[in-house]
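Undergrad: Could you have a look at this structure, given as structure tokens, before my questions?
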Amino acid sequence: MSLNKKNSLGNRILIGVVFFFLYAPILLLIFYSFNAADSSVVWKGFSLRWYAKLFQNQLIIKSVYNTLLVSVLATLIATVVGTLSAIGLYSMRRKFREPLLTINNIPMMNADIVTGVAMCLFFVAALSGWNYLASHYRLIIDLFGTQYRVTFHQLSLGFGTLLIAHITFNIPYVILSVAPKLRQMDKNLVDAAQDLGCTWPQAFFKVILPEIMPGIVSGALIAFTMSVDDFVISYFTAGSSTSTLAMQIYSMTKKGVTPEINAVSTILFGVVLVLLIIVNVREIRAEKAAAKRVY
Amino acid sequence: MKNKRSLLAIPYVGWMAFFVVAPIIMVVIYAFTTADFSFTGENFTRMGTFTVIFTRSFKLAIIATLVCLLIGYPLSYAMAKEGKGFQRVAMLLIMLPMWVNFLLRTYSMMSIMENNGLINQFFAAIGLFDLINNVFGTDIHYFKMIGTQGAVVVGMVYNYLPFMVLPIYSTLIKMDNTLLEAAQDLGADTATVFRKVILPLSLPGILSGVTMVFVPSVSTFAISRLLGGGIQMLLGDLIEQQFLGGAYNPHLGSAIALVMMVIVVACMWIMNRFGEGEEQAVML
């Protein structure tokens, strides 16, 4: 869009002020991660002491590990399941597809807290059902004349339920970003490939997958961002034994945040900043190269 | 062949039945039952006692949404008019804060707004409090911000502004320049072009931005706890307390969650009527 007019000074100032508003708290946070004092009000000189302390703080390290593990696993599973489901859904008749897509939208539409408490209720009920069975029944398997006794573990909210919750709220984002690519794709391509002797898996890997790849990648990125950023749904589904970084921060905001948290956030922020710059520089280069090829 | 391919969706359909539909059915069951699971409508009638919290939640969420729109639309518009390189950097800068956990950003916001925080230190340094005390004969040394509704709104705007900017910006930048030129050629001045062409065409972006800001604002509990100083309770706090807090009563909590869900769905339905026929704006 353009109205053939240069941006006025007022617009530039608006952009500047809003970005100042968005970044002031973050810059302050980064600034105080280098503070020698253990406060985020008083500045007592530069120090890396909180970075050193961070690596000894098992609670924080463990929560960062949990966050990354659940995000990576949930993104991988959601990307595979979401992509296959998107293909499946778009091969369905409209009559079946429409209601299923509506259900697919529910986790995105609902407030996080509603999704969180709904899953919390469901998991607690399902687990207590399982635990009742586990404590009352034993499975006895007769294998090659020897009897094996299988006992079931008692289960509670934890990493497993957290992972299921993350997968559940990630899949809709993958489907939503893969679906437009499927719609754009020429349906005859797959038929042509199969007419030319491709088996269905070959057609999938050689024709469909390359066509919808950009959608898959952006879906996976959104899913990963959502997972890392999530607090509310994790808070209701992770139980008391497992904790993500966001949950750790929340419990610390009640007692007072130590600058170790500033340090870990500064590191994460730095990593993301560098990654985004690399991705953007590569995109700009690719665009320039593409522009050169045209002329 | 076609039907075989649709089988790929079967696992996910099962997954949704378990982890999307069943949990919502659980919420409905809990909302209509007592602790020993006999039917009751009492959970809903009891909600009358929380009218203050309901009104406050909706009031603050509506204000925050309007503020986001009033800042977000001009910002998106200004960004869309810039050159490509500038746009790329601006987009990056809008997305980047989302990678710092929102609780931490809000906590940082809290330390800025505290009685001895940066803002009050700044006002003291420029002599604002001395001036006020001299003129009005008062004795104040800080503005109290934490614990006010204003602080909660600032927190909501700060956290959810990107959700307003992204969809509006993406509809603005996709807009066909020739349409604007045609309008101008036909004699429309800048204000008319904006009112009759740009604004209607960006409506889907506005609608999706409004829902993306309103829904998390009306249901938040962390922002109100941090910036509201524990005295500006919102619906989110109320629900959270029924499940994990002191006032343990998942039946009442479910009823409140159900009401919230119904209101959100109703809002979305109305919104969709407005933007009917328009393409849904892309999120993110």
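Chains: A, B, ... in order of the structure tokens. Residues: from 1 per chain. Ligands: from 1, in order shown.
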Please report as CSV every residue of segment 226-256 of chain B lying within 12 Å of segment 121-145 of chain A, along with the nearest atom pair and their distance in Å (one decimal), using only C-alpha atoms.
TA:
```
residue,atom,partner,partner_atom,distance
B:Gln242,CA,A:Leu121,CA,12.0
B:Phe243,CA,A:Leu121,CA,9.2
B:Leu244,CA,A:Leu121,CA,11.5
B:Asn249,CA,A:Leu121,CA,11.8
B:Pro250,CA,A:Leu121,CA,8.3
B:His251,CA,A:Leu121,CA,10.1
B:Gly253,CA,A:Leu121,CA,10.7
B:Ser254,CA,A:Leu121,CA,9.1
```
Undergrad: Show me, as a ChimeraX atom specification, the residues that have an atom within 12 Å of Ile140 of chain B when counting only C-alpha atoms, minus same-chain residues fewer than 2 positions from it.
TA: /B:115,120,123-124,127-138,142-144
Undergrad: Using only C-alpha atoms, determine which residues lie at most 12 Å from Ala183 of chain B, disregarding the query and same-chain residues fewer than 4 positions distant; provide the list as number ranges by chain.
TA: A: 3; B: 176-179, 187-198
Undergrad: The selected residues should be written to file as a short mmCIF file (atom, residue, chain, number, x, y, z; two decimals), in the first residue's frame (atoms: all heavy atoms).
TA:
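As a result, selection-v2.cif now contains:
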```cif
data_model
loop_
_atom_site.label_atom_id
_atom_site.label_comp_id
_atom_site.auth_asym_id
_atom_site.auth_seq_id
_atom_site.Cartn_x
_atom_site.Cartn_y
_atom_site.Cartn_z
N LEU A 3 0.24 5.76 -0.68
CA LEU A 3 -0.56 6.85 -1.23
C LEU A 3 0.36 7.82 -1.96
O LEU A 3 0.04 9.00 -2.09
CB LEU A 3 -1.33 7.56 -0.13
CG LEU A 3 -2.75 7.04 0.08
CD1 LEU A 3 -3.43 7.73 1.23
CD2 LEU A 3 -3.58 7.19 -1.18
N ASP B 176 -4.32 -3.27 -2.69
CA ASP B 176 -3.94 -2.98 -4.06
C ASP B 176 -3.78 -1.47 -4.26
O ASP B 176 -4.73 -0.72 -4.10
CB ASP B 176 -5.05 -3.52 -4.99
CG ASP B 176 -4.60 -3.52 -6.43
OD1 ASP B 176 -3.55 -2.91 -6.72
OD2 ASP B 176 -5.30 -4.13 -7.25
N ASN B 177 -2.56 -1.08 -4.61
CA ASN B 177 -2.26 0.34 -4.76
C ASN B 177 -3.11 0.99 -5.86
O ASN B 177 -3.49 2.15 -5.76
CB ASN B 177 -0.77 0.50 -5.07
CG ASN B 177 -0.32 1.93 -4.90
OD1 ASN B 177 -0.96 2.69 -4.19
ND2 ASN B 177 0.75 2.30 -5.55
N THR B 178 -3.42 0.23 -6.90
CA THR B 178 -4.17 0.81 -8.03
C THR B 178 -5.56 1.26 -7.60
O THR B 178 -6.11 2.20 -8.14
CB THR B 178 -4.31 -0.22 -9.17
OG1 THR B 178 -4.79 -1.44 -8.62
CG2 THR B 178 -2.96 -0.47 -9.83
N LEU B 179 -6.13 0.56 -6.58
CA LEU B 179 -7.44 0.98 -6.07
C LEU B 179 -7.37 2.38 -5.49
O LEU B 179 -8.25 3.21 -5.72
CB LEU B 179 -7.91 0.00 -4.98
CG LEU B 179 -8.49 -1.33 -5.41
CD1 LEU B 179 -8.85 -2.14 -4.18
CD2 LEU B 179 -9.72 -1.10 -6.26
N GLY B 187 -11.28 11.72 -8.01
CA GLY B 187 -11.56 12.97 -7.33
C GLY B 187 -11.65 12.91 -5.81
O GLY B 187 -12.03 13.89 -5.18
N ALA B 188 -11.36 11.72 -5.20
CA ALA B 188 -11.45 11.64 -3.75
C ALA B 188 -10.21 12.28 -3.12
O ALA B 188 -9.10 12.06 -3.59
CB ALA B 188 -11.56 10.18 -3.33
N ASP B 189 -10.41 13.04 -2.05
CA ASP B 189 -9.25 13.56 -1.34
C ASP B 189 -8.73 12.49 -0.38
O ASP B 189 -9.35 11.44 -0.21
CB ASP B 189 -9.58 14.88 -0.62
CG ASP B 189 -10.74 14.72 0.34
OD1 ASP B 189 -10.95 13.59 0.81
OD2 ASP B 189 -11.45 15.70 0.60
N THR B 190 -7.60 12.78 0.28
CA THR B 190 -6.94 11.76 1.11
C THR B 190 -7.88 11.20 2.17
O THR B 190 -7.94 9.98 2.38
CB THR B 190 -5.71 12.37 1.79
OG1 THR B 190 -5.06 13.21 0.85
CG2 THR B 190 -4.76 11.30 2.25
N ALA B 191 -8.64 12.09 2.81
CA ALA B 191 -9.53 11.64 3.88
C ALA B 191 -10.61 10.72 3.33
O ALA B 191 -10.94 9.70 3.93
CB ALA B 191 -10.17 12.85 4.56
N THR B 192 -11.14 11.05 2.16
CA THR B 192 -12.20 10.22 1.57
C THR B 192 -11.63 8.87 1.15
O THR B 192 -12.28 7.84 1.35
CB THR B 192 -12.83 10.93 0.36
OG1 THR B 192 -13.00 12.30 0.68
CG2 THR B 192 -14.14 10.31 -0.01
N VAL B 193 -10.42 8.89 0.56
CA VAL B 193 -9.81 7.62 0.18
C VAL B 193 -9.68 6.73 1.40
O VAL B 193 -10.01 5.54 1.38
CB VAL B 193 -8.41 7.83 -0.45
CG1 VAL B 193 -7.73 6.50 -0.70
CG2 VAL B 193 -8.53 8.61 -1.74
N PHE B 194 -9.24 7.33 2.50
CA PHE B 194 -9.08 6.54 3.72
C PHE B 194 -10.42 5.99 4.20
O PHE B 194 -10.56 4.81 4.49
CB PHE B 194 -8.44 7.40 4.82
CG PHE B 194 -8.27 6.64 6.10
CD1 PHE B 194 -7.25 5.72 6.23
CD2 PHE B 194 -9.15 6.83 7.16
CE1 PHE B 194 -7.10 5.00 7.41
CE2 PHE B 194 -9.02 6.11 8.32
CZ PHE B 194 -7.98 5.20 8.44
N ARG B 195 -11.42 6.86 4.23
CA ARG B 195 -12.71 6.48 4.81
C ARG B 195 -13.45 5.47 3.93
O ARG B 195 -14.05 4.53 4.40
CB ARG B 195 -13.57 7.74 5.00
CG ARG B 195 -14.67 7.63 6.04
CD ARG B 195 -15.12 9.03 6.47
NE ARG B 195 -15.24 9.93 5.31
CZ ARG B 195 -16.33 10.01 4.55
NH1 ARG B 195 -17.37 9.28 4.80
NH2 ARG B 195 -16.37 10.86 3.53
N LYS B 196 -13.37 5.66 2.61
CA LYS B 196 -14.20 4.86 1.71
C LYS B 196 -13.47 3.65 1.13
O LYS B 196 -14.10 2.72 0.66
CB LYS B 196 -14.70 5.73 0.55
CG LYS B 196 -15.61 6.83 0.99
CD LYS B 196 -17.03 6.50 0.62
CE LYS B 196 -17.98 7.53 1.18
NZ LYS B 196 -19.35 7.33 0.80
N VAL B 197 -12.14 3.69 1.11
CA VAL B 197 -11.41 2.57 0.50
C VAL B 197 -10.54 1.83 1.52
O VAL B 197 -10.72 0.64 1.76
CB VAL B 197 -10.53 3.05 -0.68
CG1 VAL B 197 -9.85 1.86 -1.34
CG2 VAL B 197 -11.36 3.83 -1.68
N ILE B 198 -9.61 2.56 2.15
CA ILE B 198 -8.64 1.88 3.00
C ILE B 198 -9.31 1.24 4.22
O ILE B 198 -9.11 0.07 4.52
CB ILE B 198 -7.54 2.86 3.45
CG1 ILE B 198 -6.82 3.41 2.21
CG2 ILE B 198 -6.54 2.16 4.37
CD1 ILE B 198 -5.73 4.39 2.53
#
```
Undergrad: Considering only C-alpha atoms, return as JSON, numbers by chain whatever protein or nucleic-acid residues lie within 7 Å of Val28 of chain B, sequence-local ones (same chain, fewer than 4 positions apart) excluded.
TA: {"B": [24, 32, 258]}
Undergrad: Hey, what does DSSP flag as alpha helix (DSSP H) within segment 184-241 of chain A? Can you give it to me as a ChimeraX atom specification?
TA: /A:184,187-195,200-203,209-229,232-237
Undergrad: List the neighbours of Thr33 of chain B out to 12 Å using only C-alpha atoms; skip same-chain residues closer than 2 positions along the sequence, and give me the result as a ChimeraX atom specification.
TA: /B:26-31,35-44,249-255
Undergrad: Can you spit out the residues from that selection as a PDB file, in the first residue's frame, using C-alpha atoms?
TA:
```pdb
ATOM      1  CA  MET B  26     -16.256 -31.979  31.303  1.00  0.00           C
ATOM      2  CA  VAL B  27     -16.514 -28.221  31.866  1.00  0.00           C
ATOM      3  CA  VAL B  28     -20.227 -28.326  30.999  1.00  0.00           C
ATOM      4  CA  ILE B  29     -20.820 -31.281  33.336  1.00  0.00           C
ATOM      5  CA  TYR B  30     -18.954 -29.605  36.197  1.00  0.00           C
ATOM      6  CA  ALA B  31     -20.758 -26.316  35.633  1.00  0.00           C
ATOM      7  CA  ALA B  35     -19.613 -31.479  44.562  1.00  0.00           C
ATOM      8  CA  ASP B  36     -21.378 -34.881  44.637  1.00  0.00           C
ATOM      9  CA  PHE B  37     -22.362 -34.595  40.967  1.00  0.00           C
ATOM     10  CA  SER B  38     -26.093 -34.040  41.324  1.00  0.00           C
ATOM     11  CA  PHE B  39     -27.657 -31.567  38.923  1.00  0.00           C
ATOM     12  CA  THR B  40     -27.868 -27.937  39.973  1.00  0.00           C
ATOM     13  CA  GLY B  41     -28.151 -24.473  38.480  1.00  0.00           C
ATOM     14  CA  GLU B  42     -26.771 -22.919  41.642  1.00  0.00           C
ATOM     15  CA  ASN B  43     -23.311 -22.324  40.186  1.00  0.00           C
ATOM     16  CA  PHE B  44     -24.820 -19.851  37.786  1.00  0.00           C
ATOM     17  CA  ASN B 249     -14.472 -25.051  43.812  1.00  0.00           C
ATOM     18  CA  PRO B 250     -14.010 -26.418  40.271  1.00  0.00           C
ATOM     19  CA  HIS B 251     -17.784 -26.520  39.772  1.00  0.00           C
ATOM     20  CA  LEU B 252     -18.164 -22.777  40.212  1.00  0.00           C
ATOM     21  CA  GLY B 253     -14.942 -22.241  38.243  1.00  0.00           C
ATOM     22  CA  SER B 254     -16.321 -24.321  35.370  1.00  0.00           C
ATOM     23  CA  ALA B 255     -19.538 -22.334  35.374  1.00  0.00           C
TER      24      ALA B 255
END
```
Undergrad: Can you tell me, as a ChimeraX atom specification, what residues are no more than 9 Å from segment 67-74 of chain A when counting only C-alpha atoms, ignoring any on the same chain fewer than 5 positions away?
TA: /A:62,79,159,162-168,170-171,223-228,243-246
Undergrad: Which residues of segment 42-99 of chain A come within 7 Å of segment 259-268 of chain A, and for each one, what is the closest pair of atoms and their distance in Å to one decimal, counting only C-alpha atoms, sorted by chain and residue number, as a Markdown table?
TA:
```
| residue | atom | partner | partner_atom | distance |
| --- | --- | --- | --- | --- |
| A:Trp50 | CA | A:Glu260 | CA | 5.1 |
| A:Tyr51 | CA | A:Ala263 | CA | 5.7 |
| A:Lys53 | CA | A:Glu260 | CA | 6.7 |
| A:Leu54 | CA | A:Glu260 | CA | 5.2 |
```
Undergrad: Work out how far atom CA of Thr106 of chain B is from atom CA of Leu29 of chain A, in Å to one decimal.
TA: 10.5 Å
Undergrad: Segment 78-258 of chain A: which residues are strand (DSSP E) by DSSP, as a ChimeraX atom specification?
TA: /A:139-143,146-150
Undergrad: Name the closest residue to chain A among the candidates B:Ile146, B:Met109, B:Leu235, B:Leu186; distances are taken between atoms, counting only C-alpha atoms.
TA: B:Met109
Undergrad: Please, what distance in Å, to one decimal, runs between atom CA of Leu157 of chain A and atom CA of Gly239 of chain A?
TA: 4.7 Å
Undergrad: What is the atom CA of Met110 of chain B-atom CA of Thr220 of chain B distance in Å, reported with one decimal?
TA: 16.0 Å
Undergrad: Please list as a list in words every residue within 8 Å of Tyr158 of chain B, counting only C-alpha atoms and excluding residues in the same chain fewer than 3 positions away.
TA: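 Near Tyr158 of chain B, the qualifying residues are Phe21 and Leu22 of chain A; Val154, Gly155 and Leu161 of chain B.
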Undergrad: For each of B:Met98, B:Val20, B:Met156, B:Leu75, take the minimum atom-to-atom distance to Ser219 of chain B, counting only C-alpha atoms, then give the residue where this is smallest.
TA: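 The closest residue to Ser219 of chain B is B:Met156.
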Undergrad: Which residue gives the smallest distance to chain A among B:Thr148, B:Thr34, B:Thr45, B:Ser208, with only C-alpha atoms counted?
TA: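 Closest to chain A, using only C-alpha atoms: B:Ser208.
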